[in-house]
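Below is one structure; the comments refer to it alone.
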Protein chains: 2
Amino acid sequence: MASPADSDDKSRDKDRAVWRVLSAVRAFSDAMDRMYSGMKGDMDMNATDLAALRMLIIREQRGQDVSPHDIARHLRISTASTTKLVDRLADSGHVVRKPHPVDRRARLISLTDKSRTDFTHHFRDSIGAMRDVAFDYSPTELAVIADFLERMSVGIDPDD
Amino acid sequence: MASPADSDDKSRDKDRAVWRVLSAVRAFSDAMDRMYSGMKGDMDMNATDLAALRMLIIREQRGQDVSPHDIARHLRISTASTTKLVDRLADSGHVVRKPHPVDRRARLISLTDKSRTDFTHHFRDSIGAMRDVAFDYSPTELAVIADFLERMSVGIDPDD
DNA sequence: TCCATTTTGCTAGCTTTACTAGCGAACTGA
DNA sequence: TCAGTTCGCTAGTAAAGCTAGCAAAATGGA
């Protein structure tokens, strides 16, 4: 049977471990911020347009359609700004507007191959580095990490 | 001794696990994006100013000083834009310019209590949710996760 | 020590991006 | 059916980013 002192020790260990993981999350978020700033510079794009592109890529990988309204909601900008944003991305050849299959008012914004190529090109080193890190962990560990990240995502963004 | 078939199986497991963790990283990054967009709306701030505030908070927690130049580098904006950004944050009472202790040209940007309070206030729910998730893991698991995130941070941003 | 070079943060003036207001067309539901 | 809502867009204004260039301070080689 554990003594009160033992359980105090365990609780302190746990608190320390939780604190460290939350610090690591902050640091990771900071590193992502800097990576995206770097891409913005390299790809000669403004921060918002790049954020929209990221969103489109993730939604595409999930097989979800994206409307101008979705972009506005994700970035928390007005629909008017979104129209101009889509104009810019369309002019630069990164996206195309397609008619919505059912709702004739609405549009679907989809990526062009140019977009995917550009993004992959500028993302390659970071993706490679991340993959290398991941390969140093066992499948069991990776499952724990993925589970953690998935639950964190739900926690900070329940509407997703 | 493992047969070739066994090792193939293991390799497939590993690939799958790596793929899943990289997906989880993407999803997490997407959730963070949306969380920050939400804060931007709630705090009635533009995305860049909020990103600067995030940077200042993280640097402060690390005990690192921040100059206007550091902000410009982090966000990849010009020093001229940074001057205006700091003007805005100073006018809104979020930061103060202090003289650099050694270099009389330079400034140090530091957070005000208002900033910390505002940020904590708007961040509280998310922080709480993240802490709750973290508490479901053992100290050993948390150590693996923290280690992973720290190494990912270095991987995607070697200049840090 | 001196002086040319670099760095730092700032201002001025212009360009780009986001906002509010409001529109027509299309969808929804009582 | 038809009043109310939603969707994406335009027009015009406000905000934020950029380039160019400056003075003051730091730096480093002769």
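In the structure tokens, chains take letters A, B, ... by order of appearance, with residues numbered from 1 within each chain and ligands from 1 in the order shown.
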
Could you make a table, as JSON lines, of the residues of chain C that have an atom within 9 Å of an atom of chain A, each with its nearest atom pair and distance in Å to one decimal, counting only C-alpha atoms (C1' of nucleotides), in chain and number order?
{"residue": "C:DT17", "atom": "C1'", "partner": "A:Ser81", "partner_atom": "CA", "distance": 7.9}
{"residue": "C:DA18", "atom": "C1'", "partner": "A:Ser81", "partner_atom": "CA", "distance": 5.9}
{"residue": "C:DC19", "atom": "C1'", "partner": "A:Ser78", "partner_atom": "CA", "distance": 7.4}
{"residue": "C:DA25", "atom": "C1'", "partner": "A:Arg105", "partner_atom": "CA", "distance": 7.0}
{"residue": "C:DA26", "atom": "C1'", "partner": "A:Arg105", "partner_atom": "CA", "distance": 5.5}
{"residue": "C:DC27", "atom": "C1'", "partner": "A:Asp103", "partner_atom": "CA", "distance": 7.5}

- request: Skip Arg59 (chain A) itself and residues of its chain fewer than 6 positions away, then list as a list in words all residues within 10 Å of it, counting only C-alpha atoms (C1' of nucleotides).
  value: Leu53, Asp65, Val66 and Ser110 of chain A; Ala27 and Asp30 of chain B

With only C-alpha atoms (C1' of nucleotides) counted and 9 Å as the cut-off, give the residues of chain D in contact with region 9-14 of chain C, each with its shortest interatomic distance in Å and the pair that gives it, as JSON lines.
{"residue": "D:DC18", "atom": "C1'", "partner": "C:DC14", "partner_atom": "C1'", "distance": 8.4}
{"residue": "D:DT19", "atom": "C1'", "partner": "C:DC14", "partner_atom": "C1'", "distance": 8.8}
{"residue": "D:DC22", "atom": "C1'", "partner": "C:DC10", "partner_atom": "C1'", "distance": 8.3}

Counting only C-alpha atoms (C1' of nucleotides), chain D residues within 12 Å of chain A, as a compact mmCIF listing (two decimals) with N, CA and C atoms (P, O5', C5', C4', C3', O3' and C1' of nucleotides), in the first residue's frame:
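Once everything was written out, this is result05.txt:
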# COMPACT_ATOMS: atom_id res chain seq x y z
P DT D 6 -29.00 32.67 -41.84
O5' DT D 6 -28.36 32.30 -43.26
C5' DT D 6 -28.78 31.11 -43.91
C4' DT D 6 -28.11 31.03 -45.27
C3' DT D 6 -26.62 31.40 -45.25
O3' DT D 6 -25.91 30.38 -45.95
C1' DT D 6 -27.75 32.63 -46.91
P DC D 7 -24.33 30.30 -45.92
O5' DC D 7 -23.93 30.80 -47.38
C5' DC D 7 -24.33 30.06 -48.53
C4' DC D 7 -24.01 30.88 -49.76
C3' DC D 7 -22.60 31.48 -49.71
O3' DC D 7 -21.76 30.76 -50.60
C1' DC D 7 -24.26 33.06 -50.46
P DG D 8 -20.18 30.95 -50.54
O5' DG D 8 -19.98 32.18 -51.53
C5' DG D 8 -20.24 31.99 -52.91
C4' DG D 8 -20.27 33.33 -53.61
C3' DG D 8 -18.94 34.10 -53.57
O3' DG D 8 -18.57 34.42 -54.89
C1' DG D 8 -20.75 35.49 -52.92
P DC D 9 -17.18 35.16 -55.20
O5' DC D 9 -17.59 36.66 -55.57
C5' DC D 9 -18.56 36.87 -56.60
C4' DC D 9 -19.14 38.27 -56.49
C3' DC D 9 -18.10 39.38 -56.45
O3' DC D 9 -18.00 39.97 -57.74
C1' DC D 9 -19.88 39.73 -54.87
P DT D 10 -16.88 41.10 -58.01
O5' DT D 10 -17.59 42.47 -57.61
C5' DT D 10 -18.81 42.86 -58.24
C4' DT D 10 -19.22 44.24 -57.76
C3' DT D 10 -18.12 45.29 -57.82
O3' DT D 10 -18.67 46.50 -58.36
C1' DT D 10 -18.97 45.14 -55.61
P DA D 11 -17.72 47.73 -58.74
O5' DA D 11 -17.94 48.75 -57.55
C5' DA D 11 -19.26 48.99 -57.06
C4' DA D 11 -19.20 50.00 -55.93
C3' DA D 11 -18.04 50.99 -56.02
O3' DA D 11 -18.51 52.28 -55.67
C1' DA D 11 -17.95 49.81 -53.95
P DA D 16 -4.62 47.80 -38.03
O5' DA D 16 -3.52 47.27 -39.07
C5' DA D 16 -3.86 46.19 -39.92
C4' DA D 16 -2.79 45.97 -40.96
C3' DA D 16 -1.36 46.03 -40.41
O3' DA D 16 -0.62 45.00 -41.03
C1' DA D 16 -1.56 47.50 -42.20
P DG D 17 0.83 44.59 -40.53
O5' DG D 17 1.65 44.65 -41.90
C5' DG D 17 1.26 43.80 -42.99
C4' DG D 17 2.03 44.22 -44.22
C3' DG D 17 3.53 44.42 -43.95
O3' DG D 17 4.35 43.69 -44.88
C1' DG D 17 2.59 46.36 -44.96
P DC D 18 5.95 43.82 -44.84
O5' DC D 18 6.25 44.80 -46.07
C5' DC D 18 5.64 44.54 -47.34
C4' DC D 18 6.11 45.56 -48.35
C3' DC D 18 7.61 45.86 -48.23
O3' DC D 18 8.30 45.63 -49.43
C1' DC D 18 6.33 47.88 -48.09

Closest of A:Ser126, A:Pro101, A:Thr140, A:Asp15 to chain B, counting only C-alpha atoms, is A:Ser126

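Reported to one decimal place, the separation of CA of Asp87 (chain A) from CA of Arg73 (chain A) is 17.3 Å.
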
Quick one: residues within 8 Å of Arg76 (chain A), only C-alpha atoms (C1' of nucleotides), excluding same-chain residues fewer than 6 positions away - as a PyMOL selection string?
chain B and resi 37-38+40-41

Among A:His122, A:Lys114, A:His94, A:His74, chain B is approached most closely, using only C-alpha atoms, by A:His74

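Atom pair CA of Gly155 (chain A) / CA of Thr117 (chain B): separated by 21.8 Å.
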
Go through region 49-147 of chain A and collect every residue that DSSP, computed from the backbone, puts in helix (DSSP H, G or I); the answer should be as a compact mmCIF listing (two decimals) with N, CA and C atoms, in the first residue's frame.
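The file below, out.txt, is the result:
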# COMPACT_ATOMS: atom_id res chain seq x y z
N ASP A 49 -3.13 34.64 -47.00
CA ASP A 49 -3.28 33.78 -48.17
C ASP A 49 -2.63 32.42 -47.92
N LEU A 50 -1.47 32.45 -47.27
CA LEU A 50 -0.79 31.19 -46.98
C LEU A 50 -1.60 30.36 -45.99
N ALA A 51 -2.19 31.01 -45.01
CA ALA A 51 -3.02 30.29 -44.04
C ALA A 51 -4.22 29.65 -44.74
N ALA A 52 -4.78 30.36 -45.71
CA ALA A 52 -5.90 29.81 -46.47
C ALA A 52 -5.46 28.58 -47.25
N LEU A 53 -4.27 28.66 -47.83
CA LEU A 53 -3.73 27.54 -48.59
C LEU A 53 -3.52 26.32 -47.69
N ARG A 54 -2.99 26.56 -46.51
CA ARG A 54 -2.80 25.47 -45.55
C ARG A 54 -4.13 24.82 -45.24
N MET A 55 -5.13 25.65 -45.00
CA MET A 55 -6.45 25.13 -44.68
C MET A 55 -6.97 24.26 -45.83
N LEU A 56 -6.84 24.77 -47.05
CA LEU A 56 -7.33 24.04 -48.21
C LEU A 56 -6.64 22.69 -48.34
N ILE A 57 -5.34 22.68 -48.09
CA ILE A 57 -4.60 21.42 -48.22
C ILE A 57 -5.07 20.40 -47.19
N ILE A 58 -5.25 20.86 -45.96
CA ILE A 58 -5.70 19.94 -44.92
C ILE A 58 -7.11 19.43 -45.21
N ARG A 59 -8.00 20.33 -45.63
CA ARG A 59 -9.35 19.90 -45.95
C ARG A 59 -9.38 18.92 -47.12
N GLU A 60 -8.52 19.16 -48.08
CA GLU A 60 -8.47 18.25 -49.23
C GLU A 60 -8.02 16.86 -48.79
N GLN A 61 -7.02 16.83 -47.91
CA GLN A 61 -6.55 15.54 -47.43
C GLN A 61 -7.63 14.80 -46.66
N PRO A 68 -16.03 29.54 -49.99
CA PRO A 68 -15.50 30.82 -49.52
C PRO A 68 -15.91 31.10 -48.07
N HIS A 69 -17.13 30.74 -47.74
CA HIS A 69 -17.60 30.95 -46.38
C HIS A 69 -16.76 30.20 -45.35
N ASP A 70 -16.38 28.98 -45.69
CA ASP A 70 -15.54 28.20 -44.78
C ASP A 70 -14.21 28.90 -44.53
N ILE A 71 -13.66 29.47 -45.60
CA ILE A 71 -12.39 30.19 -45.46
C ILE A 71 -12.57 31.38 -44.53
N ALA A 72 -13.66 32.13 -44.75
CA ALA A 72 -13.93 33.30 -43.91
C ALA A 72 -14.05 32.90 -42.44
N ARG A 73 -14.74 31.79 -42.19
CA ARG A 73 -14.91 31.35 -40.80
C ARG A 73 -13.59 30.91 -40.20
N HIS A 74 -12.82 30.16 -40.97
CA HIS A 74 -11.55 29.64 -40.46
C HIS A 74 -10.60 30.78 -40.10
N LEU A 75 -10.51 31.78 -40.98
CA LEU A 75 -9.55 32.86 -40.77
C LEU A 75 -10.14 34.02 -39.97
N THR A 79 -16.52 38.10 -45.40
CA THR A 79 -16.69 37.42 -46.69
C THR A 79 -16.18 38.30 -47.83
N ALA A 80 -16.26 39.61 -47.63
CA ALA A 80 -15.74 40.52 -48.66
C ALA A 80 -14.23 40.34 -48.82
N SER A 81 -13.53 40.28 -47.70
CA SER A 81 -12.08 40.06 -47.75
C SER A 81 -11.78 38.71 -48.37
N THR A 82 -12.64 37.76 -48.08
CA THR A 82 -12.44 36.41 -48.61
C THR A 82 -12.58 36.40 -50.13
N THR A 83 -13.55 37.15 -50.64
CA THR A 83 -13.68 37.24 -52.10
C THR A 83 -12.37 37.73 -52.72
N LYS A 84 -11.80 38.77 -52.13
CA LYS A 84 -10.54 39.29 -52.68
C LYS A 84 -9.40 38.31 -52.49
N LEU A 85 -9.39 37.62 -51.35
CA LEU A 85 -8.37 36.61 -51.10
C LEU A 85 -8.44 35.53 -52.18
N VAL A 86 -9.63 35.06 -52.46
CA VAL A 86 -9.79 34.01 -53.48
C VAL A 86 -9.41 34.56 -54.86
N ASP A 87 -9.75 35.82 -55.11
CA ASP A 87 -9.30 36.46 -56.36
C ASP A 87 -7.78 36.38 -56.50
N ARG A 88 -7.09 36.74 -55.42
CA ARG A 88 -5.62 36.72 -55.46
C ARG A 88 -5.11 35.32 -55.72
N LEU A 89 -5.64 34.35 -54.98
CA LEU A 89 -5.16 32.97 -55.13
C LEU A 89 -5.51 32.42 -56.52
N ALA A 90 -6.64 32.86 -57.05
CA ALA A 90 -7.03 32.41 -58.39
C ALA A 90 -6.12 33.06 -59.44
N ASP A 91 -5.86 34.36 -59.28
CA ASP A 91 -4.98 35.07 -60.21
C ASP A 91 -3.58 34.46 -60.23
N ASP A 113 -2.79 21.93 -59.24
CA ASP A 113 -1.56 21.17 -59.09
C ASP A 113 -0.40 22.08 -58.73
N LYS A 114 -0.39 23.27 -59.34
CA LYS A 114 0.65 24.25 -59.03
C LYS A 114 0.76 24.49 -57.53
N SER A 115 -0.40 24.62 -56.91
CA SER A 115 -0.46 24.85 -55.48
C SER A 115 0.20 23.72 -54.71
N ARG A 116 -0.21 22.51 -55.06
CA ARG A 116 0.32 21.34 -54.35
C ARG A 116 1.83 21.25 -54.55
N THR A 117 2.26 21.49 -55.78
CA THR A 117 3.69 21.42 -56.08
C THR A 117 4.46 22.48 -55.29
N ASP A 118 3.98 23.72 -55.37
CA ASP A 118 4.63 24.82 -54.64
C ASP A 118 4.74 24.50 -53.17
N PHE A 119 3.63 24.07 -52.62
CA PHE A 119 3.58 23.84 -51.18
C PHE A 119 4.54 22.73 -50.78
N THR A 120 4.46 21.62 -51.50
CA THR A 120 5.34 20.49 -51.20
C THR A 120 6.79 20.91 -51.31
N HIS A 121 7.09 21.67 -52.38
CA HIS A 121 8.46 22.11 -52.60
C HIS A 121 9.00 22.89 -51.41
N HIS A 122 8.20 23.84 -50.91
CA HIS A 122 8.68 24.68 -49.82
C HIS A 122 8.55 24.01 -48.46
N PHE A 123 7.86 22.91 -48.42
CA PHE A 123 7.59 22.23 -47.16
C PHE A 123 8.48 21.00 -47.02
N ARG A 124 9.11 20.61 -48.12
CA ARG A 124 9.79 19.32 -48.16
C ARG A 124 10.79 19.11 -47.01
N ASP A 125 11.67 20.10 -46.79
CA ASP A 125 12.69 19.93 -45.77
C ASP A 125 12.07 19.71 -44.39
N SER A 126 11.04 20.51 -44.10
CA SER A 126 10.42 20.39 -42.78
C SER A 126 9.71 19.05 -42.63
N ILE A 127 8.98 18.67 -43.67
CA ILE A 127 8.30 17.38 -43.64
C ILE A 127 9.32 16.26 -43.44
N GLY A 128 10.42 16.35 -44.17
CA GLY A 128 11.47 15.34 -44.04
C GLY A 128 12.01 15.28 -42.63
N ALA A 129 12.25 16.45 -42.06
CA ALA A 129 12.79 16.50 -40.70
C ALA A 129 11.80 15.88 -39.71
N MET A 130 10.50 16.18 -39.93
CA MET A 130 9.49 15.65 -39.02
C MET A 130 9.41 14.13 -39.14
N ARG A 131 9.47 13.66 -40.39
CA ARG A 131 9.41 12.22 -40.61
C ARG A 131 10.61 11.53 -39.94
N ASP A 132 11.78 12.13 -40.08
CA ASP A 132 12.98 11.56 -39.47
C ASP A 132 12.82 11.43 -37.96
N VAL A 133 12.29 12.49 -37.35
CA VAL A 133 12.08 12.44 -35.91
C VAL A 133 11.11 11.31 -35.58
N ALA A 134 10.00 11.25 -36.32
CA ALA A 134 8.96 10.26 -36.03
C ALA A 134 9.52 8.84 -36.12
N PHE A 135 10.43 8.61 -37.08
CA PHE A 135 10.95 7.26 -37.26
C PHE A 135 11.80 6.77 -36.09
N PRO A 139 6.20 2.07 -32.99
CA PRO A 139 4.78 2.20 -33.33
C PRO A 139 3.90 2.45 -32.10
N THR A 140 4.23 1.79 -31.00
CA THR A 140 3.45 1.99 -29.77
C THR A 140 3.55 3.44 -29.29
N GLU A 141 4.76 3.94 -29.26
CA GLU A 141 4.96 5.33 -28.83
C GLU A 141 4.25 6.30 -29.78
N LEU A 142 4.40 6.03 -31.07
CA LEU A 142 3.77 6.91 -32.06
C LEU A 142 2.25 6.94 -31.89
N ALA A 143 1.70 5.78 -31.55
CA ALA A 143 0.24 5.72 -31.35
C ALA A 143 -0.17 6.60 -30.18
N VAL A 144 0.63 6.55 -29.10
CA VAL A 144 0.33 7.39 -27.93
C VAL A 144 0.41 8.87 -28.31
N ILE A 145 1.45 9.22 -29.06
CA ILE A 145 1.66 10.62 -29.45
C ILE A 145 0.51 11.10 -30.35
N ALA A 146 0.16 10.26 -31.33
CA ALA A 146 -0.91 10.64 -32.26
C ALA A 146 -2.22 10.81 -31.51
N ASP A 147 -2.49 9.88 -30.62
CA ASP A 147 -3.69 9.95 -29.80
C ASP A 147 -3.73 11.25 -29.00

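Between CA of Val25 (chain A) and CA of Val25 (chain B) the separation is 11.1 Å.
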
Determine, counting only C-alpha atoms (C1' of nucleotides), which protein, DNA and RNA residues have an atom within 12 Å of an atom of DA30 (chain D); residues of the same chain fewer than 4 positions away are not included. Present the result as a list in words. DT1, DC2, DC3 and DA4 of chain C

Practice prompt. From a DSSP pass on the backbone, collect the residues of chain A flagged as strand (DSSP E or B) and hand them back as JSON, numbers by chain.
Written response: {"A": [95, 96, 97, 98, 99, 107, 108, 109, 110, 111]}

Generate the output file for the selected residues, C-alpha atoms, as a PDB file, in the first residue's frame.
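Resulting contents of again-v5.pdb:
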ATOM      1  CA  VAL A  95      -6.949  27.780 -56.708  1.00  0.00           C
ATOM      2  CA  VAL A  96      -9.961  27.593 -58.969  1.00  0.00           C
ATOM      3  CA  ARG A  97     -13.579  28.415 -58.232  1.00  0.00           C
ATOM      4  CA  LYS A  98     -15.954  25.606 -59.110  1.00  0.00           C
ATOM      5  CA  PRO A  99     -19.730  25.600 -59.023  1.00  0.00           C
ATOM      6  CA  ARG A 107     -18.805  27.903 -54.911  1.00  0.00           C
ATOM      7  CA  LEU A 108     -16.236  25.270 -54.094  1.00  0.00           C
ATOM      8  CA  ILE A 109     -12.640  26.373 -53.909  1.00  0.00           C
ATOM      9  CA  SER A 110     -10.197  23.748 -55.036  1.00  0.00           C
ATOM     10  CA  LEU A 111      -6.445  23.596 -55.249  1.00  0.00           C
TER      11      LEU A 111
END

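The neighbours of DT27 (chain D) here are the residues that come within 10 Å of it, using only C-alpha atoms (C1' of nucleotides) and leaving out any residue fewer than 2 positions away in the same chain; they are DT5, DT6 and DT7 of chain C; DA25 and DG29 of chain D.
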
Output the selection as a PDB file, in the first residue's frame - C-alpha atoms (C1' of nucleotides) for each residue.
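What ended up in result_3.pdb:
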ATOM      1  C1'  DT C   5      30.986  50.556 -42.334  1.00  0.00           C
ATOM      2  C1'  DT C   6      27.144  48.353 -40.184  1.00  0.00           C
ATOM      3  C1'  DT C   7      23.184  48.155 -37.226  1.00  0.00           C
TER       4       DT C   7
ATOM      5  C1'  DA D  25      25.061  54.570 -31.931  1.00  0.00           C
ATOM      6  C1'  DG D  29      40.419  47.483 -39.307  1.00  0.00           C
TER       7       DG D  29
END

Using only C-alpha atoms, the shortest atom-to-atom distance to chain A among B:Ser92, B:Asp8, B:His100, B:Glu150 belongs to B:Glu150
